[in-house]
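Q: First the structure, which I've put down as structure tokens, then a few questions once you've had a look.
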Amino acid sequence: MSDARPRLGGLLTREPRVVAAGVGVLAEALAQQAVPVEEVDWRPAPEESLPALNAVLGDPRRADANARAVGRMLSARPHLVDVRPASEVLGLEPGVFLHAGPPLEWDRASGPMRGALMGAMVLEGLAGTPEEAERALARGAATLEPCHHHGAVGPMAGVVSPSMWMLVVQDDEHGGTACCSLNEGLGKVLRYGAYGPEVLERLRWMGAVLGPLLRDAVRRHGPIDLVGLIAQALQMGDELHNRNRAATALLVRELGADLVAADAPRAHVAEVFRFVAGNDHFFLNAAMAAAKAAADAARGVPGSTLVVAMARNGTDFGIQVSGTGDRWFTGPAQMPDGLYLGSYGPADANPDIGDSAITETAGMGGFALAAAPAIVRFVGGQVPDAVAATRRMYEITLAEHPVLQIPLLSFRGTPAGVDVTRVVRTGILPLIDTGIAGREPGTGQVGAGLVAPPAGVFADALAALAAAVPRGPA
């Protein structure tokens, strides 16, 4: 009986497909001869990282540890359960301010971070003017601590003061709690470093009207399933970092009746609806708290190489990894590449800032760009670039989210769970969708774009993981 199968799997009977991995000159030569070439952005791991990479890849705990850590992240069930002042829910005392990113002192703070802290000092009555606040901060009149150290996250500068109202999110699966401040909108806002009278007036209104009305509505409604809402928004064109239009609309629909039923002046209810309707980014802060709750569920698994936080303070970019506890691995914050508002340009921009990269950490934002092709009009690029970006993130992640699915990719789950070893081995860096703050205090937002972390933070984390690998028999 003869074998009818083509020899060599049919290789010699069909047109060849050429894949060029990290050999640009070969791809160019073939393309010049009209040969279709699929280029793969690949490069060997840095030679100096090979000993650490080999040690971590050989760690007998790694596979099970990563399966456990990413499983906890993806099985989290964050629900919005309350809205309360930071003084109550986080126990913040007067003179204590939280900020985005890894630990930071005033003398190293960037322009937008300084502007946000100056505005918060005036808001809390600790200074009469921004100038007075600046002098007081320089004297060490305030205590500065990262949001992440308090189970919280903050967008851009991420400054949280005691009187600010916080979204309170509870993970019904693992029991954790995470918080995030209320979103102010875009442009000249505190989180972008602006501190003018209009900024403080808005914050005072948020404390007097918006916060209490949202608290009453959420309590009347009961817990809101944020993962279910995020999943719907992804299928409606959001990626939950720089585009939250659908998610914001869904949240308003969820809470609308309870807002109307509030025992509050009709004018206040109308103001809240008007404010949220004019702020497409309103849901971002809820998404951040949900992502924080999910990522925190994956912390503290010995041997795990899963990244559980990516955060920037405008000076440093830092990551935390499940298997290395609360240790930060930091490098210089990078400059975003994007589009600028009005007459602003790159010279006006501050390096990347904010805790909002927690959305990418949990499989949203830049990792879900393929779900939001319209985002390219906001951050630059073309629709195929958004699809390619998401596909590239699958190369450095441990799993696909079982609930957050992308229609354009045949409902494939978003890439979730950044793996330190895969980042170092492939050279592919996480892609973060971000706003751009002006470098001078008081400026506000100047644009939006895309940014990647400094590669060194992943190499440093890998070295720490290698040092923790047990020696001898497991």
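For the structure tokens, the naming scheme is as follows: chains receive sequential letters (A, B, ...) according to their order of presentation, residues are indexed from 1 within each chain, and ligands are indexed from 1 in presentation order.
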Near Leu251 (chain A), within 9 Å and counting only C-alpha atoms, which residues show up once chain neighbours fewer than 3 positions away are dropped, as a list in words?
A: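 Once the adjacent positions are removed, what remains is Ile224, Leu229, Ala246, Ala247, Thr248, Glu254, Leu255, Gly256 and Phe283 of chain A.
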Q: Would you write out, as a Markdown table, a table of all residues in region 252-340 of chain A that have an atom no more than 8 Å from an atom of region 359-378 of chain A, listing for each the closest atom pair and the distance in Å to one decimal, considering only C-alpha atoms and ordering rows by chain and rising residue number?
A:
| residue | atom | partner | partner_atom | distance |
| --- | --- | --- | --- | --- |
| A:Ala287 | CA | A:Thr359 | CA | 7.0 |
| A:Met288 | CA | A:Thr359 | CA | 5.8 |
| A:Ala291 | CA | A:Ala362 | CA | 5.5 |
| A:Lys292 | CA | A:Thr359 | CA | 7.9 |
| A:Ala294 | CA | A:Ala362 | CA | 7.0 |
| A:Ala295 | CA | A:Ala362 | CA | 6.3 |
| A:Val307 | CA | A:Thr361 | CA | 7.0 |
| A:Val308 | CA | A:Thr361 | CA | 6.5 |
| A:Ala309 | CA | A:Thr361 | CA | 6.3 |
| A:Met310 | CA | A:Thr361 | CA | 6.5 |
| A:Leu339 | CA | A:Phe378 | CA | 7.0 |
Q: Please, could you write that set of residues out with N, CA and C atoms as a PDB file, in the first residue's frame?
A:
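Result went into part.pdb, see below:
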ATOM      1  N   ALA A 287     -12.340  51.138  36.877  1.00  0.00           N
ATOM      2  CA  ALA A 287     -11.567  50.079  36.220  1.00  0.00           C
ATOM      3  C   ALA A 287     -10.219  49.890  36.914  1.00  0.00           C
ATOM      4  N   MET A 288      -9.599  51.009  37.314  1.00  0.00           N
ATOM      5  CA  MET A 288      -8.317  50.917  38.007  1.00  0.00           C
ATOM      6  C   MET A 288      -8.456  50.197  39.340  1.00  0.00           C
ATOM      7  N   ALA A 291      -8.894  46.522  38.661  1.00  0.00           N
ATOM      8  CA  ALA A 291      -7.628  45.902  38.272  1.00  0.00           C
ATOM      9  C   ALA A 291      -6.704  45.750  39.472  1.00  0.00           C
ATOM     10  N   LYS A 292      -6.700  46.756  40.346  1.00  0.00           N
ATOM     11  CA  LYS A 292      -5.876  46.678  41.559  1.00  0.00           C
ATOM     12  C   LYS A 292      -6.324  45.509  42.435  1.00  0.00           C
ATOM     13  N   ALA A 294      -7.810  42.782  41.498  1.00  0.00           N
ATOM     14  CA  ALA A 294      -7.452  41.528  40.835  1.00  0.00           C
ATOM     15  C   ALA A 294      -5.955  41.247  40.947  1.00  0.00           C
ATOM     16  N   ALA A 295      -5.135  42.285  40.721  1.00  0.00           N
ATOM     17  CA  ALA A 295      -3.690  42.094  40.788  1.00  0.00           C
ATOM     18  C   ALA A 295      -3.237  41.790  42.210  1.00  0.00           C
ATOM     19  N   VAL A 307       3.925  39.857  37.146  1.00  0.00           N
ATOM     20  CA  VAL A 307       3.954  41.260  37.546  1.00  0.00           C
ATOM     21  C   VAL A 307       2.595  41.621  38.147  1.00  0.00           C
ATOM     22  N   VAL A 308       2.595  42.214  39.350  1.00  0.00           N
ATOM     23  CA  VAL A 308       1.341  42.555  40.021  1.00  0.00           C
ATOM     24  C   VAL A 308       1.136  44.067  40.128  1.00  0.00           C
ATOM     25  N   ALA A 309       2.102  44.857  39.700  1.00  0.00           N
ATOM     26  CA  ALA A 309       1.920  46.314  39.659  1.00  0.00           C
ATOM     27  C   ALA A 309       2.903  46.914  38.676  1.00  0.00           C
ATOM     28  N   MET A 310       2.415  47.847  37.869  1.00  0.00           N
ATOM     29  CA  MET A 310       3.255  48.722  37.057  1.00  0.00           C
ATOM     30  C   MET A 310       2.772  50.140  37.357  1.00  0.00           C
ATOM     31  N   LEU A 339      -0.083  62.045  20.518  1.00  0.00           N
ATOM     32  CA  LEU A 339      -0.618  63.256  19.927  1.00  0.00           C
ATOM     33  C   LEU A 339      -0.767  64.316  21.010  1.00  0.00           C
TER      34      LEU A 339
END
Q: Quick one: pick out all strand (DSSP E or B) residues within region 98-244 of chain A from a backbone DSSP run and write them as a VMD selection string.
A: chain A and resid 98 to 99 143 to 146 152 to 153 160 165 to 171 177 to 181 224 to 225
Q: Which one is closest to Ala208 (chain A): A:Ala249, A:Ala120, A:Ile353, A:Ala264? Count only C-alpha atoms.
A: A:Ala264
Q: From the set A:Pro78, A:Pro265, A:Gly228, A:Gly91, which residue has the shortest atom-to-atom contact distance to Gly175 (chain A), counting only C-alpha atoms?
A: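 Closest residue, counting only C-alpha atoms: A:Pro78.
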Q: Could you check the closest approach to Pro85 (chain A) for each of A:Leu214, A:Ala133, A:Val35, A:Ala138 and tell me which residue wins, using only C-alpha atoms?
A: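 Among the listed residues, A:Leu214 lies closest to Pro85 (chain A).
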Q: Taking only C-alpha atoms into account, which of A:Cys147, A:Leu250, A:Leu90, A:Ala311 comes nearest Gln232 (chain A)?
A: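 Checking each of A:Cys147, A:Leu250, A:Leu90, A:Ala311 against Gln232 (chain A), counting only C-alpha atoms, the winner is A:Leu250.
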Q: Which polymer residues have any atom within 8 Å of an atom of Val89 (chain A), counting only C-alpha atoms, with same-chain residues fewer than 5 positions away left out, as a list in words?
A: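 The contact residues come out as Arg84, Met166 and Val168 of chain A.
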Q: For the selection you just gave me, I'd like the residues written to a file as a CSV table (one decimal), in the first residue's frame, keeping N, CA, C and O atoms.
A:
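Written out: part.csv:
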chain,number,residue,atom,x,y,z
A,84,ARG,N,-16.6,56.5,49.7
A,84,ARG,CA,-16.4,57.1,51.0
A,84,ARG,C,-15.2,58.1,51.0
A,84,ARG,O,-14.3,57.9,50.1
A,166,MET,N,-13.5,58.3,47.6
A,166,MET,CA,-12.9,57.2,47.0
A,166,MET,C,-13.9,56.2,46.6
A,166,MET,O,-14.9,55.9,47.3
A,168,VAL,N,-14.8,52.4,46.5
A,168,VAL,CA,-14.4,51.3,47.2
A,168,VAL,C,-14.8,50.0,46.5
A,168,VAL,O,-16.0,49.8,46.3
